[in-house]
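Dumped data.cif below, it's mmCIF, C-alpha atoms and all ligand atoms:
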```cif
data_model
loop_
_atom_site.label_atom_id
_atom_site.label_comp_id
_atom_site.auth_asym_id
_atom_site.auth_seq_id
_atom_site.Cartn_x
_atom_site.Cartn_y
_atom_site.Cartn_z
CA MET M 1 130.93 8.70 147.13
CA ALA M 2 130.47 11.79 144.99
CA GLN M 3 127.62 11.93 142.49
CA LYS M 4 128.55 11.93 138.81
CA LEU M 5 127.28 15.12 137.19
CA ALA M 6 127.23 16.38 133.61
CA ALA M 7 126.47 20.08 133.88
CA GLY M 8 125.81 22.39 130.95
CA ASN M 9 126.33 26.14 131.19
CA TRP M 10 124.62 27.85 128.27
CA LYS M 11 126.16 31.21 129.25
CA MET M 12 124.56 34.10 127.28
CA ASN M 13 123.13 31.82 124.60
CA GLY M 14 119.63 30.61 123.90
CA THR M 15 116.12 31.76 123.11
CA GLU M 16 112.77 29.97 122.85
CA ALA M 17 113.95 28.10 119.74
CA SER M 18 116.83 26.57 121.70
CA LEU M 19 114.40 24.67 123.90
CA ALA M 20 114.09 22.14 121.08
CA GLU M 21 117.49 20.88 122.29
CA ILE M 22 115.87 20.08 125.62
CA ASP M 23 113.15 18.07 123.93
CA ALA M 24 115.83 16.04 122.16
CA MET M 25 117.71 15.52 125.44
CA LEU M 26 114.58 14.40 127.28
CA ALA M 27 113.77 11.93 124.51
CA ALA M 28 117.31 10.53 124.49
CA TYR M 29 117.85 10.48 128.27
CA PRO M 30 114.54 9.83 130.07
CA ASP M 31 116.47 8.18 132.89
CA PRO M 32 120.15 9.15 132.71
CA GLY M 33 122.66 7.03 134.60
CA CYS M 34 124.30 10.14 136.06
CA GLY M 35 123.18 13.56 137.23
CA VAL M 36 122.42 15.95 134.37
CA LEU M 37 122.09 19.69 134.88
CA ILE M 38 121.49 22.53 132.44
CA CYS M 39 121.95 26.17 133.41
CA PRO M 40 120.32 28.31 130.71
CA PRO M 41 120.27 32.11 130.75
CA ALA M 42 117.87 33.47 133.40
CA THR M 43 115.33 34.35 130.71
CA LEU M 44 114.85 30.66 129.89
CA LEU M 45 115.10 29.13 133.35
CA GLU M 46 111.40 28.94 134.12
CA ARG M 47 110.43 27.84 130.60
CA MET M 48 113.12 25.17 130.57
CA SER M 49 112.17 23.94 134.05
CA ARG M 50 108.52 23.64 133.03
CA ARG M 51 109.49 21.85 129.83
CA ILE M 52 111.48 19.30 131.79
CA GLY M 53 108.75 18.94 134.41
CA ARG M 54 109.39 16.03 136.70
CA GLY M 55 112.07 14.60 134.46
CA LYS M 56 115.47 13.58 135.72
CA ILE M 57 117.34 16.52 134.22
CA ALA M 58 117.86 19.40 136.66
CA THR M 59 118.01 23.09 135.84
CA GLY M 60 119.91 25.90 137.47
CA ALA M 61 121.05 29.50 137.17
CA GLN M 62 124.43 30.86 136.17
CA ASP M 63 124.67 33.24 139.14
CA CYS M 64 122.64 34.44 142.10
CA HIS M 65 122.70 37.51 144.30
CA MET M 66 123.89 37.18 147.88
CA ASN M 67 120.77 38.89 149.25
CA ALA M 68 117.29 37.43 149.34
CA ASN M 69 115.61 40.53 147.85
CA GLY M 70 115.89 44.28 147.67
CA ALA M 71 117.15 47.13 145.53
CA HIS M 72 119.58 45.25 143.26
CA THR M 73 118.61 46.15 139.72
CA GLY M 74 119.21 43.38 137.23
CA ASP M 75 120.05 40.71 139.79
CA ILE M 76 118.15 37.60 140.76
CA SER M 77 118.10 35.90 144.14
CA ALA M 78 118.43 32.26 145.07
CA GLU M 79 114.76 32.21 146.13
CA MET M 80 113.79 33.45 142.67
CA ILE M 81 115.86 30.72 141.05
CA LYS M 82 114.09 28.14 143.17
CA ASP M 83 110.74 29.71 142.38
CA ALA M 84 111.56 29.40 138.66
CA GLY M 85 112.19 25.68 139.08
CA GLY M 86 115.98 25.75 139.38
CA ALA M 87 117.80 23.43 141.77
CA TYR M 88 121.37 24.67 141.30
CA ALA M 89 123.22 27.99 141.02
CA ILE M 90 126.64 28.37 139.48
CA VAL M 91 128.64 30.93 141.48
CA GLY M 92 132.10 32.35 140.92
CA HIS M 93 132.47 31.42 137.26
CA SER M 94 135.67 33.01 135.97
CA GLU M 95 133.61 35.13 133.57
CA ARG M 96 131.78 36.59 136.60
CA ARG M 97 135.01 36.97 138.55
CA THR M 98 136.54 38.86 135.60
CA ASP M 99 133.58 40.74 134.11
CA HIS M 100 131.94 41.64 137.42
CA GLY M 101 134.88 41.81 139.80
CA GLU M 102 133.65 38.95 141.98
CA THR M 103 136.05 38.14 144.80
CA ASN M 104 136.25 34.96 146.86
CA GLU M 105 134.29 36.78 149.59
CA ILE M 106 131.48 37.65 147.19
CA VAL M 107 131.43 34.12 145.76
CA ASN M 108 131.30 32.71 149.30
CA ALA M 109 128.32 34.95 150.16
CA LYS M 110 126.54 33.91 146.96
CA ALA M 111 127.19 30.22 147.68
CA GLN M 112 125.78 30.71 151.18
CA ALA M 113 122.69 32.39 149.75
CA ALA M 114 122.19 29.54 147.27
CA ILE M 115 122.61 26.87 149.92
CA GLY M 116 120.39 28.78 152.34
CA ALA M 117 117.59 28.77 149.76
CA GLY M 118 117.90 25.01 149.29
CA LEU M 119 119.86 25.12 146.04
CA VAL M 120 123.09 23.31 145.24
CA ALA M 121 125.91 25.82 144.77
CA VAL M 122 128.33 25.05 141.93
CA VAL M 123 131.44 26.98 142.99
CA CYS M 124 133.89 27.59 140.15
CA LEU M 125 137.59 28.27 140.42
CA GLY M 126 140.73 28.01 138.34
CA GLU M 127 143.95 29.71 137.35
CA THR M 128 144.86 31.99 134.45
CA LEU M 129 147.65 31.03 132.07
CA GLU M 130 149.93 33.59 133.71
CA GLN M 131 149.31 32.03 137.11
CA ARG M 132 149.98 28.54 135.76
CA ASP M 133 153.17 29.66 134.03
CA ALA M 134 154.29 31.30 137.27
CA GLY M 135 153.80 27.99 139.13
CA GLU M 136 150.98 29.45 141.23
CA THR M 137 148.18 27.04 140.29
CA LEU M 138 147.87 25.06 143.52
CA ASP M 139 148.30 28.14 145.73
CA LEU M 140 145.61 29.93 143.79
CA VAL M 141 143.22 26.97 143.74
CA GLY M 142 143.85 26.46 147.46
CA SER M 143 143.01 30.06 148.31
CA GLN M 144 139.94 30.08 146.05
CA LEU M 145 138.73 26.86 147.67
CA ALA M 146 139.29 28.20 151.18
CA GLY M 147 137.78 31.59 150.42
CA SER M 148 134.87 30.75 148.15
CA ILE M 149 133.38 27.71 149.88
CA PRO M 150 131.25 28.44 152.93
CA ASP M 151 131.29 26.50 156.18
CA GLY M 152 128.54 23.93 156.30
CA ALA M 153 129.11 22.72 152.75
CA THR M 154 128.29 19.07 152.08
CA GLY M 155 128.04 16.73 149.13
CA GLU M 156 124.33 17.52 149.07
CA ASN M 157 124.61 21.29 148.74
CA LEU M 158 127.96 21.90 147.03
CA VAL M 159 129.68 21.01 143.76
CA VAL M 160 133.14 22.36 142.89
CA ALA M 161 134.16 23.03 139.29
CA TYR M 162 137.82 23.39 138.40
CA GLU M 163 138.01 25.49 135.26
CA PRO M 164 141.44 26.69 134.16
CA VAL M 165 140.64 30.08 132.63
CA TRP M 166 142.96 29.41 129.69
CA ALA M 167 141.02 26.26 128.75
CA ILE M 168 137.60 27.91 128.61
CA GLY M 169 136.32 28.22 125.07
CA THR M 170 139.82 27.86 123.64
CA GLY M 171 139.90 24.22 122.56
CA ARG M 172 142.95 23.73 124.81
CA ILE M 173 142.75 21.38 127.75
CA PRO M 174 145.32 20.67 130.45
CA THR M 175 147.26 17.43 130.32
CA MET M 176 145.72 14.58 132.27
CA GLU M 177 148.60 14.91 134.75
CA GLN M 178 147.66 18.54 135.35
CA ILE M 179 144.00 17.64 135.87
CA ILE M 180 144.95 14.80 138.23
CA GLU M 181 147.22 17.10 140.23
CA VAL M 182 144.59 19.79 140.77
CA HIS M 183 141.68 17.41 141.41
CA ASP M 184 143.68 15.32 143.90
CA PHE M 185 144.72 18.55 145.60
CA MET M 186 141.12 19.81 145.81
CA ARG M 187 139.93 16.47 147.20
CA ALA M 188 142.66 16.50 149.85
CA ARG M 189 141.82 20.09 150.88
CA LEU M 190 138.10 19.31 151.13
CA VAL M 191 138.78 16.19 153.21
CA GLU M 192 141.09 18.23 155.45
CA ARG M 193 138.44 20.90 155.99
CA PHE M 194 135.19 18.93 156.09
CA GLY M 195 136.35 15.44 157.06
CA ALA M 196 136.62 12.32 154.94
CA GLU M 197 132.94 11.51 154.62
CA ILE M 198 131.84 14.96 153.45
CA GLY M 199 135.06 15.76 151.58
CA LYS M 200 134.77 12.64 149.47
CA SER M 201 131.07 13.20 148.78
CA ILE M 202 131.50 16.60 147.11
CA SER M 203 131.41 16.27 143.31
CA LEU M 204 134.47 17.72 141.57
CA LEU M 205 133.82 18.77 137.98
CA TYR M 206 136.39 19.64 135.36
CA GLY M 207 135.47 22.47 132.97
CA GLY M 208 137.17 23.99 129.94
CA SER M 209 136.81 22.80 126.33
CA VAL M 210 135.18 19.48 127.24
CA LYS M 211 133.90 17.83 124.06
CA PRO M 212 132.64 14.41 123.00
CA SER M 213 136.16 13.64 121.74
CA ASN M 214 137.97 14.24 125.07
CA ALA M 215 135.27 13.51 127.65
CA ALA M 216 136.02 9.81 128.23
CA GLU M 217 139.71 10.47 128.92
CA ILE M 218 138.89 13.25 131.40
CA PHE M 219 136.20 11.18 133.16
CA ALA M 220 138.67 8.33 133.65
CA VAL M 221 140.57 10.53 136.15
CA GLU M 222 139.84 9.30 139.68
CA ASN M 223 138.80 12.58 141.29
CA VAL M 224 136.91 13.91 138.29
CA ASP M 225 133.20 13.31 138.96
CA GLY M 226 131.89 15.03 135.87
CA ALA M 227 132.17 18.19 133.82
CA LEU M 228 130.94 21.74 133.57
CA VAL M 229 130.45 22.15 129.85
CA GLY M 230 129.99 25.42 127.97
CA GLY M 231 129.90 25.39 124.17
CA ALA M 232 129.35 21.65 123.80
CA SER M 233 126.26 21.77 126.03
CA LEU M 234 124.29 23.86 123.53
CA LYS M 235 123.53 20.97 121.18
CA ALA M 236 121.76 17.86 122.42
CA ALA M 237 123.93 15.58 120.27
CA ASP M 238 127.22 16.89 121.70
CA PHE M 239 126.04 17.10 125.29
CA GLY M 240 124.43 13.68 124.91
CA ALA M 241 127.77 12.19 123.86
CA ILE M 242 129.37 13.72 126.98
CA ILE M 243 126.58 12.27 129.15
CA ASP M 244 127.21 8.88 127.54
CA ALA M 245 130.91 9.13 128.34
CA LEU M 246 130.14 9.95 131.98
CA GLN M 247 127.58 7.16 132.31
CA ASN M 248 130.17 4.72 131.01
CA ALA M 249 133.08 6.04 133.10
O1 LIG M 301 131.07 26.88 132.35
C1 LIG M 301 131.64 26.31 131.42
C2 LIG M 301 133.01 26.56 131.13
O2 LIG M 301 133.34 27.91 131.18
C3 LIG M 301 133.58 25.83 129.96
O3 LIG M 301 133.21 26.43 128.74
P1 LIG M 301 133.64 25.68 127.37
O4 LIG M 301 133.19 24.25 127.51
O5 LIG M 301 132.91 26.42 126.31
O6 LIG M 301 135.12 25.77 127.28
#
```
Would you mind writing the structure in this file as structure tokens?
Amino acid sequence: MAQKLAAGNWKMNGTEASLAEIDAMLAAYPDPGCGVLICPPATLLERMSRRIGRGKIATGAQDCHMNANGAHTGDISAEMIKDAGGAYAIVGHSERRTDHGETNEIVNAKAQAAIGAGLVAVVCLGETLEQRDAGETLDLVGSQLAGSIPDGATGENLVVAYEPVWAIGTGRIPTMEQIIEVHDFMRARLVERFGAEIGKSISLLYGGSVKPSNAAEIFAVENVDGALVGGASLKAADFGAIIDALQNA
């Protein structure tokens, strides 16, 4: 059985003042009935992790380098993320794939590095609007799944986030039928590759314009185990409403 997870990706947003949102979250959800994760920018990871302390909300990074250390100016390694208190690393977000030219091979190596350091890798994938319109969604998702997820993945060290690129930050979401189709497909592919026990234990998140107003409908989908939330994770009230929807799903 996959864990339910509400994950927030703050992207390139947040300074010291934003940590007040964490205080509000901790006060409202001292013992959430689902997994809760926040991935702030790297500059805030250690501060946020310390603020949360031994609370039940996890922190993570938005990327990690594939190497453990070395001459990689501007990058951070999985070990550094762990050292800063993070437990997860998002890898292969479409903004990284587009802005930094990350291929499935690179994402796979980053996921391996994260898992090797004891982090949970949140591997992101999803089609562009052109690919959807061309009827290529399942082929694309299938090849991203096969190429980006390393061997040895389990429900303990891997989360998969399906994020249609055209739904990110746009206010548009796929129809429930489209979400069902892709999530059922991902579940079947994971079961095929890793076996039923592991394949069914890997959390499958939907991401792309998730808000308090649409969360409950999305979480009612059988193979949706939670969400990767961008904009609506920045404010405790909005993210809290999404956590509520997931707890009640
Ligand atoms: O990582 C989060 C996703 O890119 C979704 O972002 P969004 O909720 O702002 O659409």
* Name all residues at most 12 Å from segment 92-99 of chain M (count only C-alpha atoms; drop same-chain ones fewer than 6 positions away) and give them as number ranges by chain. => M: 9, 11-12, 61-66, 105-111, 121-128, 144-145, 147-149, 159-169, 207-208, 228, 230
* Asked: What is the atom CA of Glu217 of chain M-atom CA of Leu129 of chain M distance in Å, reported with one decimal?
  -> 22.3 Å
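If only C-alpha atoms and all ligand atoms are the atoms counted, then among M:Arg172, M:Lys235, M:Arg189, M:Lys200 the closest residue to ligand LIG 301 (chain M) is M:Arg172.
Between atom CA of Phe194 of chain M and atom CA of Pro174 of chain M the separation is 27.6 Å.
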* Structure fact -> From atom CA of Asn223 of chain M to atom CA of Val120 of chain M the spacing works out at 19.4 Å
* Would you kindly return, as a PyMOL selection string, each protein, DNA or RNA residue with an atom no farther than 12 Å from any atom of Gly14 of chain M, considering all atoms listed in the file and excluding same-chain residues fewer than 6 positions away? => chain M and resi 20-22+38-45+47-48+231+233-235
* Asked: Which residues, written as a PyMOL selection string, have at least one atom at most 10 Å from Asp244 of chain M, with all atoms listed in the file counted and residues fewer than 4 positions away on the same chain left out?
  -> chain M and resi 6+29+32-34+212+215-216+238-240+248-249
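Summary of the local environment: counting all atoms listed in the file, residues at most 12 Å from Asn214 of chain M, other than itself and those fewer than 2 positions away along its chain, are Gly171, Arg172, Ile173, Pro174, Thr175, Met176, Tyr206, Gly207, Gly208, Ser209, Val210, Lys211, Pro212, Ala216, Glu217, Ile218, Phe219, Ala220, Val221, Ala227, Val229, Ala232, Asp238, Ala241, Ile242, Ala245 and Leu246 of chain M.
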* Could you check which of M:Ala7, M:Ala134, M:Ile180, M:Ala17 is closest to ligand LIG 301 (chain M), using only C-alpha atoms and all ligand atoms? =>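 Counting only C-alpha atoms and all ligand atoms, the residue closest to ligand LIG 301 (chain M) is M:Ala7.
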Produce the centre coordinates and the three edge lengths, each in Å to one decimal, of the box along x, y and z that contains all listed atoms of segment 52-66 of chain M with 5 Å added on each side, as JSON.
```
{"center_x": 116.7, "center_y": 25.5, "center_z": 139.8, "size_x": 25.9, "size_y": 33.9, "size_z": 26.1}
```
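Take the candidates M:Leu190, M:Ala68, M:Leu26, M:Ala78 and check each one against Gly55 of chain M using all atoms listed in the file; the shortest distance goes to M:Leu26.
Closest approach to ligand LIG 301 (chain M) among M:Ser201, M:Asn104, M:Gln131, M:Asn13: M:Asn13, based on only C-alpha atoms and all ligand atoms.
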* Kindly indicate which residue among M:Ala71, M:Ile76, M:Leu158, M:Ile90 lies nearest to ligand LIG 301 (chain M), using only C-alpha atoms and all ligand atoms for the distances. =>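 Looking at the shortest contact to ligand LIG 301 (chain M), the residue is M:Ile90.
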* To do: Determine the nearest neighbour of Ala188 of chain M from the options M:Met80, M:Gln3, M:Thr170, M:Leu138, counting only C-alpha atoms.
  =>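 Of all the options, M:Leu138 lies closest to Ala188 of chain M.
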